[in-house]
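One file, structure-v4.cif, carrying mmCIF, C-alpha atoms:
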data_upload
loop_
_atom_site.label_atom_id
_atom_site.label_comp_id
_atom_site.auth_asym_id
_atom_site.auth_seq_id
_atom_site.Cartn_x
_atom_site.Cartn_y
_atom_site.Cartn_z
CA MET A 1 37.49 12.51 28.09
CA ASN A 2 37.10 12.06 31.80
CA GLY A 3 40.25 13.43 33.39
CA PRO A 4 41.24 12.72 36.97
CA VAL A 5 40.03 15.02 39.72
CA PRO A 6 43.07 17.17 40.57
CA GLY A 7 44.45 17.18 44.08
CA LYS A 8 43.04 13.79 45.06
CA VAL A 9 45.94 11.52 44.17
CA SER A 10 48.59 11.14 46.89
CA VAL A 11 52.30 10.48 46.32
CA LEU A 12 51.90 6.99 47.74
CA GLN A 13 49.09 6.23 45.29
CA CYS A 14 51.24 7.48 42.41
CA PHE A 15 54.10 5.25 43.53
CA ALA A 16 51.79 2.23 43.90
CA SER A 17 50.32 2.92 40.48
CA ALA A 18 53.79 3.14 38.89
CA VAL A 19 54.86 -0.16 40.48
CA VAL A 20 51.66 -1.96 39.44
CA ARG A 21 51.87 -0.67 35.88
CA THR A 22 55.54 -1.69 35.59
CA VAL A 23 54.82 -5.20 36.88
CA VAL A 24 51.82 -5.57 34.56
CA LEU A 25 53.88 -4.54 31.55
CA LEU A 26 56.79 -6.80 32.51
CA VAL A 27 54.40 -9.77 32.71
CA LEU A 28 52.89 -8.68 29.40
CA TRP A 29 56.34 -8.54 27.79
CA TRP A 30 57.20 -11.95 29.22
CA ALA A 31 54.00 -13.38 27.72
CA LEU A 32 54.39 -11.64 24.35
CA THR A 33 57.97 -12.86 23.91
CA GLU A 34 56.96 -16.30 25.23
CA GLY A 35 59.61 -16.09 27.95
CA ASP A 36 62.51 -15.69 25.51
CA ALA A 37 65.65 -14.83 27.54
CA ASP A 38 67.16 -12.86 24.61
CA ALA A 39 64.23 -10.43 24.69
CA VAL A 40 64.60 -9.48 28.38
CA ALA A 41 67.20 -6.74 27.81
CA PHE A 42 65.04 -5.09 25.16
CA GLY A 43 61.98 -5.38 27.38
CA LEU A 44 63.74 -3.60 30.24
CA TRP A 45 64.13 -0.61 27.92
CA VAL A 46 60.66 -0.74 26.42
CA VAL A 47 58.67 -1.20 29.64
CA PRO A 48 59.66 2.11 31.30
CA LEU A 49 58.89 3.98 28.06
CA ILE A 50 55.41 2.44 27.90
CA VAL A 51 54.85 3.24 31.59
CA VAL A 52 55.58 6.91 30.82
CA LEU A 53 53.23 6.85 27.81
CA TRP A 54 50.49 5.08 29.81
CA TRP A 55 50.91 7.65 32.58
CA ARG A 56 50.54 10.56 30.18
CA LEU A 57 47.47 9.08 28.48
CA PHE A 58 45.76 7.80 31.67
CA PRO A 59 47.05 9.46 34.85
CA PRO A 60 46.19 7.55 38.06
CA GLU A 61 42.64 8.27 39.25
CA GLY A 62 43.26 7.97 42.98
CA ARG A 63 42.87 4.56 44.55
CA GLY A 64 43.01 1.76 42.04
CA PRO A 65 40.45 -1.04 41.99
CA ARG A 66 40.38 -3.40 44.98
CA VAL A 67 42.24 -6.62 44.24
CA LEU A 68 39.82 -9.11 45.80
CA ALA A 69 36.70 -7.46 44.39
CA THR A 70 38.37 -7.35 40.97
CA LEU A 71 39.17 -11.07 41.09
CA ALA A 72 35.60 -11.78 42.23
CA PHE A 73 34.27 -9.70 39.35
CA GLY A 74 36.57 -11.54 36.93
CA GLY A 75 35.11 -14.87 38.05
CA TYR A 76 31.57 -13.55 37.88
CA PHE A 77 32.21 -12.13 34.41
CA LEU A 78 33.68 -15.42 33.21
CA CYS A 79 30.61 -17.38 34.35
CA GLY A 80 28.33 -14.67 32.98
CA SER A 81 29.97 -14.69 29.55
CA VAL A 82 29.66 -18.47 29.36
CA ALA A 83 25.98 -18.09 30.25
CA ALA A 84 25.69 -15.40 27.56
CA GLY A 85 27.11 -17.69 24.88
CA LEU A 86 24.85 -20.56 25.93
CA ASP A 87 21.82 -18.23 26.07
CA VAL A 88 22.44 -16.95 22.54
CA ALA A 89 23.08 -20.48 21.26
CA ARG A 90 19.86 -21.74 22.87
CA ARG A 91 17.78 -18.97 21.30
CA LEU A 92 19.36 -19.36 17.86
CA LEU A 93 18.99 -23.14 17.78
CA SER A 94 15.38 -23.03 18.91
CA PRO A 95 13.07 -23.26 15.88
CA ARG A 96 10.78 -20.56 17.30
CA LEU A 97 13.67 -18.07 17.70
CA PRO A 98 12.48 -16.76 21.09
CA ILE A 99 13.62 -13.14 21.08
CA SER A 100 11.81 -9.87 21.69
CA PRO A 101 14.43 -7.19 21.10
CA GLY A 102 14.13 -3.63 22.30
CA TYR A 103 15.89 -0.70 23.93
CA LEU A 104 16.25 0.03 27.60
CA THR A 105 17.80 3.12 29.14
CA TYR A 106 19.50 2.51 32.44
CA THR A 107 20.69 5.30 34.72
CA THR A 108 23.86 4.20 36.44
CA SER A 109 25.05 5.48 39.80
CA LEU A 110 28.67 4.54 39.03
CA PRO A 111 31.20 7.40 38.89
CA ALA A 112 32.31 8.63 35.44
CA GLY A 113 35.44 7.16 33.87
CA SER A 114 36.63 3.57 34.08
CA PRO A 115 33.74 2.19 36.22
CA ARG A 116 31.10 3.31 33.71
CA TRP A 117 33.07 2.07 30.73
CA LEU A 118 33.68 -1.23 32.46
CA LEU A 119 29.93 -1.57 33.01
CA ALA A 120 29.11 -0.73 29.38
CA ASN A 121 31.75 -3.06 27.95
CA THR A 122 31.08 -6.05 30.21
CA LEU A 123 27.30 -5.77 29.68
CA SER A 124 27.89 -6.33 25.95
CA LEU A 125 29.37 -9.74 26.78
CA LEU A 126 26.85 -10.72 29.48
CA PRO A 127 23.52 -12.41 28.68
CA GLY A 128 20.90 -10.43 26.79
CA THR A 129 22.42 -6.95 26.83
CA LEU A 130 24.41 -4.82 24.39
CA SER A 131 25.54 -1.32 25.26
CA VAL A 132 24.56 1.16 22.55
CA THR A 133 25.31 4.65 23.87
CA LEU A 134 26.77 6.02 27.07
CA ARG A 135 25.97 9.69 27.72
CA GLY A 136 26.84 10.76 31.24
CA PRO A 137 25.04 8.37 33.59
CA GLN A 138 22.53 7.34 30.88
CA LEU A 139 23.43 3.95 29.48
CA GLU A 140 21.29 2.92 26.55
CA LEU A 141 21.13 -0.85 26.17
CA HIS A 142 19.77 -3.07 23.47
CA CYS A 143 18.15 -6.16 24.92
CA LEU A 144 17.69 -9.45 23.14
CA ASP A 145 14.69 -10.29 25.30
CA THR A 146 12.79 -7.40 26.85
CA THR A 147 10.52 -9.81 28.74
CA ALA A 148 13.51 -10.87 30.88
CA PRO A 149 14.29 -8.91 34.08
CA VAL A 150 17.12 -6.96 32.39
CA SER A 151 17.13 -4.00 34.77
CA ALA A 152 17.68 -6.20 37.81
CA ALA A 153 20.53 -8.04 36.09
CA VAL A 154 22.20 -4.75 35.13
CA GLY A 155 21.79 -3.52 38.70
CA HIS A 156 23.56 -6.63 39.93
CA VAL A 157 26.54 -6.11 37.60
CA GLU A 158 26.62 -2.45 38.61
CA MET A 159 26.76 -3.38 42.30
CA ARG A 160 29.68 -5.74 41.66
CA ILE A 161 31.59 -3.04 39.77
CA ALA A 162 30.88 -0.52 42.55
CA ARG A 163 32.57 -2.90 45.00
CA MET A 164 35.73 -2.80 42.87
CA PHE A 165 35.98 0.98 43.02
CA PRO A 166 35.68 2.23 46.59
CA ARG A 167 34.75 5.89 46.88
CA MET B 1 47.01 -43.58 28.15
CA SER B 2 46.55 -40.28 29.92
CA ASP B 3 48.20 -38.54 26.94
CA SER B 4 45.58 -39.80 24.55
CA LEU B 5 42.88 -38.90 27.06
CA ILE B 6 44.15 -35.31 27.15
CA MET B 7 44.28 -35.23 23.36
CA LEU B 8 40.70 -36.45 23.21
CA LEU B 9 39.66 -33.74 25.66
CA GLN B 10 41.51 -31.14 23.60
CA ALA B 11 39.82 -32.27 20.42
CA LEU B 12 36.47 -32.11 22.18
CA LEU B 13 37.12 -28.56 23.43
CA LEU B 14 38.24 -27.41 19.97
CA VAL B 15 35.14 -28.89 18.35
CA ILE B 16 32.88 -27.25 20.95
CA GLY B 17 34.65 -23.94 20.29
CA CYS B 18 34.07 -24.26 16.55
CA LEU B 19 30.41 -25.12 17.15
CA PHE B 20 29.96 -21.85 19.03
CA PHE B 21 31.52 -19.94 16.10
CA LEU B 22 29.09 -21.78 13.86
CA VAL B 23 26.13 -20.79 16.05
CA GLY B 24 27.33 -17.16 16.05
CA THR B 25 27.40 -17.23 12.26
CA LEU B 26 23.96 -18.86 12.19
CA GLY B 27 22.79 -15.78 14.09
CA LEU B 28 23.78 -13.62 11.12
CA PHE B 29 21.23 -15.50 9.01
CA ARG B 30 18.44 -16.06 11.50
CA LEU B 31 18.27 -12.73 13.31
CA PRO B 32 16.30 -9.82 11.90
CA ASP B 33 18.55 -6.75 12.29
CA THR B 34 22.08 -5.51 12.90
CA LEU B 35 21.76 -5.08 16.66
CA THR B 36 20.44 -8.57 17.37
CA ARG B 37 23.13 -9.99 15.08
CA ILE B 38 25.80 -8.23 17.14
CA HIS B 39 24.37 -9.90 20.26
CA ALA B 40 24.85 -13.31 18.68
CA LEU B 41 28.28 -12.65 17.20
CA THR B 42 29.94 -11.11 20.25
CA LYS B 43 28.61 -13.59 22.79
CA ALA B 44 28.88 -16.82 20.84
CA ASP B 45 32.30 -16.02 19.32
CA ASN B 46 33.69 -14.99 22.67
CA LEU B 47 32.72 -18.34 24.14
CA GLY B 48 33.94 -20.18 21.04
CA LEU B 49 37.37 -18.55 21.27
CA GLY B 50 37.42 -19.35 25.00
CA PHE B 51 36.89 -23.06 24.26
CA VAL B 52 39.54 -23.03 21.51
CA VAL B 53 42.02 -21.40 23.92
CA LEU B 54 41.19 -23.96 26.62
CA GLY B 55 41.68 -26.74 24.11
CA LEU B 56 45.10 -25.39 23.11
CA LEU B 57 46.38 -24.80 26.67
CA PRO B 58 47.54 -28.40 27.41
CA SER B 59 49.83 -28.43 24.37
CA VAL B 60 51.71 -25.15 24.89
CA PRO B 61 55.47 -25.45 25.54
CA GLY B 62 55.54 -23.30 28.69
CA PRO B 63 53.70 -20.94 31.05
CA ALA B 64 54.71 -17.86 29.02
CA THR B 65 53.01 -19.21 25.91
CA ALA B 66 49.97 -20.15 27.97
CA ALA B 67 49.85 -16.58 29.27
CA LYS B 68 50.14 -15.35 25.69
CA ILE B 69 47.16 -17.26 24.35
CA LEU B 70 45.08 -16.30 27.40
CA LEU B 71 46.09 -12.72 26.67
CA ILE B 72 44.91 -13.14 23.08
CA TRP B 73 41.52 -14.22 24.40
CA LEU B 74 41.32 -11.26 26.80
CA ILE B 75 42.25 -8.77 24.09
CA ALA B 76 39.76 -10.35 21.68
CA LEU B 77 37.10 -9.93 24.41
CA ALA B 78 37.92 -6.27 24.88
CA ALA B 79 38.06 -5.72 21.12
CA SER B 80 34.73 -7.45 20.47
CA ALA B 81 32.97 -5.54 23.27
CA THR B 82 34.36 -2.25 21.95
CA ALA B 83 33.58 -3.07 18.33
CA ALA B 84 30.05 -4.17 19.30
CA HIS B 85 29.50 -0.89 21.11
CA LEU B 86 30.82 1.20 18.18
CA VAL B 87 28.69 -0.61 15.60
CA ALA B 88 25.62 -0.41 17.85
CA ARG B 89 26.15 3.31 18.42
CA THR B 90 26.48 3.95 14.70
CA VAL B 91 23.34 1.92 13.93
CA ARG B 92 21.43 3.90 16.58
CA ALA B 93 22.63 7.24 15.19
CA THR B 94 21.75 6.23 11.60
CA ASP B 95 18.28 5.04 12.66
CA ALA B 96 17.64 8.26 14.56
CA SER B 97 18.59 10.48 11.61
CA ARG B 98 16.45 8.38 9.24
CA ASP B 99 13.48 8.79 11.59
CA ARG B 100 13.99 12.55 11.59
CA GLU B 101 14.10 12.63 7.77
CA GLU B 102 10.91 10.61 7.52
CA ARG B 103 9.11 12.94 9.88
CA ALA B 104 10.32 16.06 8.04
#
Could you render the structure as structure tokens?
Amino acid sequence: MNGPVPGKVSVLQCFASAVVRTVVLLVLWWALTEGDADAVAFGLWVVPLIVVLWWRLFPPEGRGPRVLATLAFGGYFLCGSVAAGLDVARRLLSPRLPISPGYLTYTTSLPAGSPRWLLANTLSLLPGTLSVTLRGPQLELHCLDTTAPVSAAVGHVEMRIARMFPR
Amino acid sequence: MSDSLIMLLQALLLVIGCLFFLVGTLGLFRLPDTLTRIHALTKADNLGLGFVVLGLLPSVPGPATAAKILLIWLIALAASATAAHLVARTVRATDASRDREERA
């Protein structure tokens, strides 16, 4: 898999990453146990163990994603996935079944690792695209409608993801 | 009064959610091949589950439970995107090897 580039992660970034991961897992535990007070003590033992496991599986890759850009992307993705559902519903309910499926290979300029996977996975839930293979920067997509401007739409998503991960 | 209004809204959201699941399933019958069917299933079901979750939110006992069902939706999203990708990749690989056999 895509390991982190050695020597690029500072102590401060490691500390920030550990804090963020701990908070995320604590919130997760709170949600999973539905806020049960009896489960807190157990959670305080489990969370640090999971942080260690998470760290070993996915060491921090330098600066994490930007908070504001991530929230903006979340909102964009939400709207986009609603549009995707409506788009599919419209095509399926139309008697003519207006689709013209086909493949499209898109070369992404996003760095390897999480940004590329985020692009591939979100595209599968956005209108008209489904990620088929990801080899290096080559992302092979299956399109529901090849007459639509798919490339431009993918470029737009790519730009929004690039904003989340500053170089 | 407002209680029954909220219940009506909830019922509406749940019905809309189910309709999207129905449309996703319709895609299985109407669409010609595996890949186009995955398009329909992932996108319509994702939206359907979103509406069902929205419809359930007003009746949860507390914020933790609300967070839990939103989490369920998020994880279902991630799982459906990943599953869609894996199935699509397998279909692509199978098609490619069949093409090679036919040419040989």
Could you tell me how far CA of His39 (chain B) sits from CA of Gly102 (chain A), in Å to one decimal place?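 We find that CA of Gly102 (chain A) and CA of His39 (chain B) lie 12.2 Å from each other.
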Can you list every residue of chain A that has an atom at most 8 Å from chain B, with its nearest atom pair and the distance in Å to one decimal, using only C-alpha atoms, ordered by chain then number, as a Markdown table?
| residue | atom | partner | partner_atom | distance |
| --- | --- | --- | --- | --- |
| A:Trp30 | CA | B:Ala64 | CA | 6.4 |
| A:Ala31 | CA | B:Ala64 | CA | 4.7 |
| A:Leu32 | CA | B:Lys68 | CA | 5.8 |
| A:Thr33 | CA | B:Ala64 | CA | 7.9 |
| A:Glu34 | CA | B:Ala64 | CA | 4.7 |
| A:Gly35 | CA | B:Ala64 | CA | 5.3 |
| A:Ser81 | CA | B:Lys43 | CA | 7.0 |
| A:Val82 | CA | B:Leu47 | CA | 6.1 |
| A:Ala84 | CA | B:Lys43 | CA | 5.9 |
| A:Gly85 | CA | B:Ala44 | CA | 4.5 |
| A:Leu86 | CA | B:Ala44 | CA | 7.5 |
| A:Val88 | CA | B:Ala40 | CA | 5.8 |
| A:Ala89 | CA | B:Val23 | CA | 6.0 |
| A:Leu92 | CA | B:Gly27 | CA | 6.2 |
| A:Leu93 | CA | B:Val23 | CA | 7.7 |
| A:Pro101 | CA | B:Thr36 | CA | 7.2 |
| A:Asn121 | CA | B:Ala81 | CA | 5.4 |
| A:Thr122 | CA | B:Ala81 | CA | 7.2 |
| A:Ser124 | CA | B:Ala81 | CA | 5.8 |
| A:Leu125 | CA | B:Lys43 | CA | 5.6 |
| A:Leu126 | CA | B:Lys43 | CA | 7.5 |
| A:Pro127 | CA | B:Lys43 | CA | 7.9 |
| A:Gly128 | CA | B:His39 | CA | 7.4 |
| A:Thr129 | CA | B:His39 | CA | 7.5 |
| A:Leu130 | CA | B:His39 | CA | 6.5 |
| A:Ser131 | CA | B:His85 | CA | 5.8 |
| A:Val132 | CA | B:Arg89 | CA | 4.9 |
| A:Thr133 | CA | B:Arg89 | CA | 5.7 |
| A:His142 | CA | B:Leu35 | CA | 7.4 |
| A:Leu144 | CA | B:Thr36 | CA | 6.5 |
Excluding region 58-70 of chain A and residues on its chain fewer than 2 positions from it, collect all residues at most 7 Å away from it, counting only C-alpha atoms, and give them as JSON, numbers by chain. {"A": [4, 8, 9, 13, 14, 17, 54, 55, 56, 72, 73, 74, 163, 164, 165]}
Just to confirm, what's the straight-line distance from CA of Cys143 (chain A) to CA of Leu71 (chain A) in Å (one decimal)?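 Between these atoms lies a distance of 27.0 Å.
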Using the chain letters and numbers from this file, what does the PyMOL selection byres ((chain B and resi 6) around 12) select? Give the answer as a PyMOL selection string. chain B and resi 1-5+7-13+54-59
Quick one: pull the distance between CA of Val24 (chain A) and CA of Trp117 (chain A), Å, one decimal.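 Interatomic distance, CA of Val24 (chain A) to CA of Trp117 (chain A): 20.6 Å.
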Selection under test: the PyMOL selection byres ((chain A and resi 110) around 9); residues as a CSV table (one decimal) with C-alpha atoms, in the frame of the given file:
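To be explicit, this is the file written out as result32.csv:
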chain,number,residue,atom,x,y,z
A,108,THR,CA,23.9,4.2,36.4
A,109,SER,CA,25.0,5.5,39.8
A,111,PRO,CA,31.2,7.4,38.9
A,112,ALA,CA,32.3,8.6,35.4
A,113,GLY,CA,35.4,7.2,33.9
A,115,PRO,CA,33.7,2.2,36.2
A,116,ARG,CA,31.1,3.3,33.7
A,119,LEU,CA,29.9,-1.6,33.0
A,137,PRO,CA,25.0,8.4,33.6
A,158,GLU,CA,26.6,-2.4,38.6
A,159,MET,CA,26.8,-3.4,42.3
A,161,ILE,CA,31.6,-3.0,39.8
A,162,ALA,CA,30.9,-0.5,42.6
Would you kindly return, as a count of residues only, each protein, DNA or RNA residue with an atom no farther than 12 Å from any atom of Leu26 (chain A), considering only C-alpha atoms and excluding same-chain residues fewer than 6 positions away? 20
I'd like the box whose edges run along x, y and z of the file and which contains every listed atom of region 44-63 of chain B, padded by 5 Å per side; could you state its centre and edge lengths in Å, one decimal, as JSON?
{"center_x": 42.2, "center_y": -21.7, "center_z": 25.2, "size_x": 36.7, "size_y": 23.4, "size_z": 21.7}
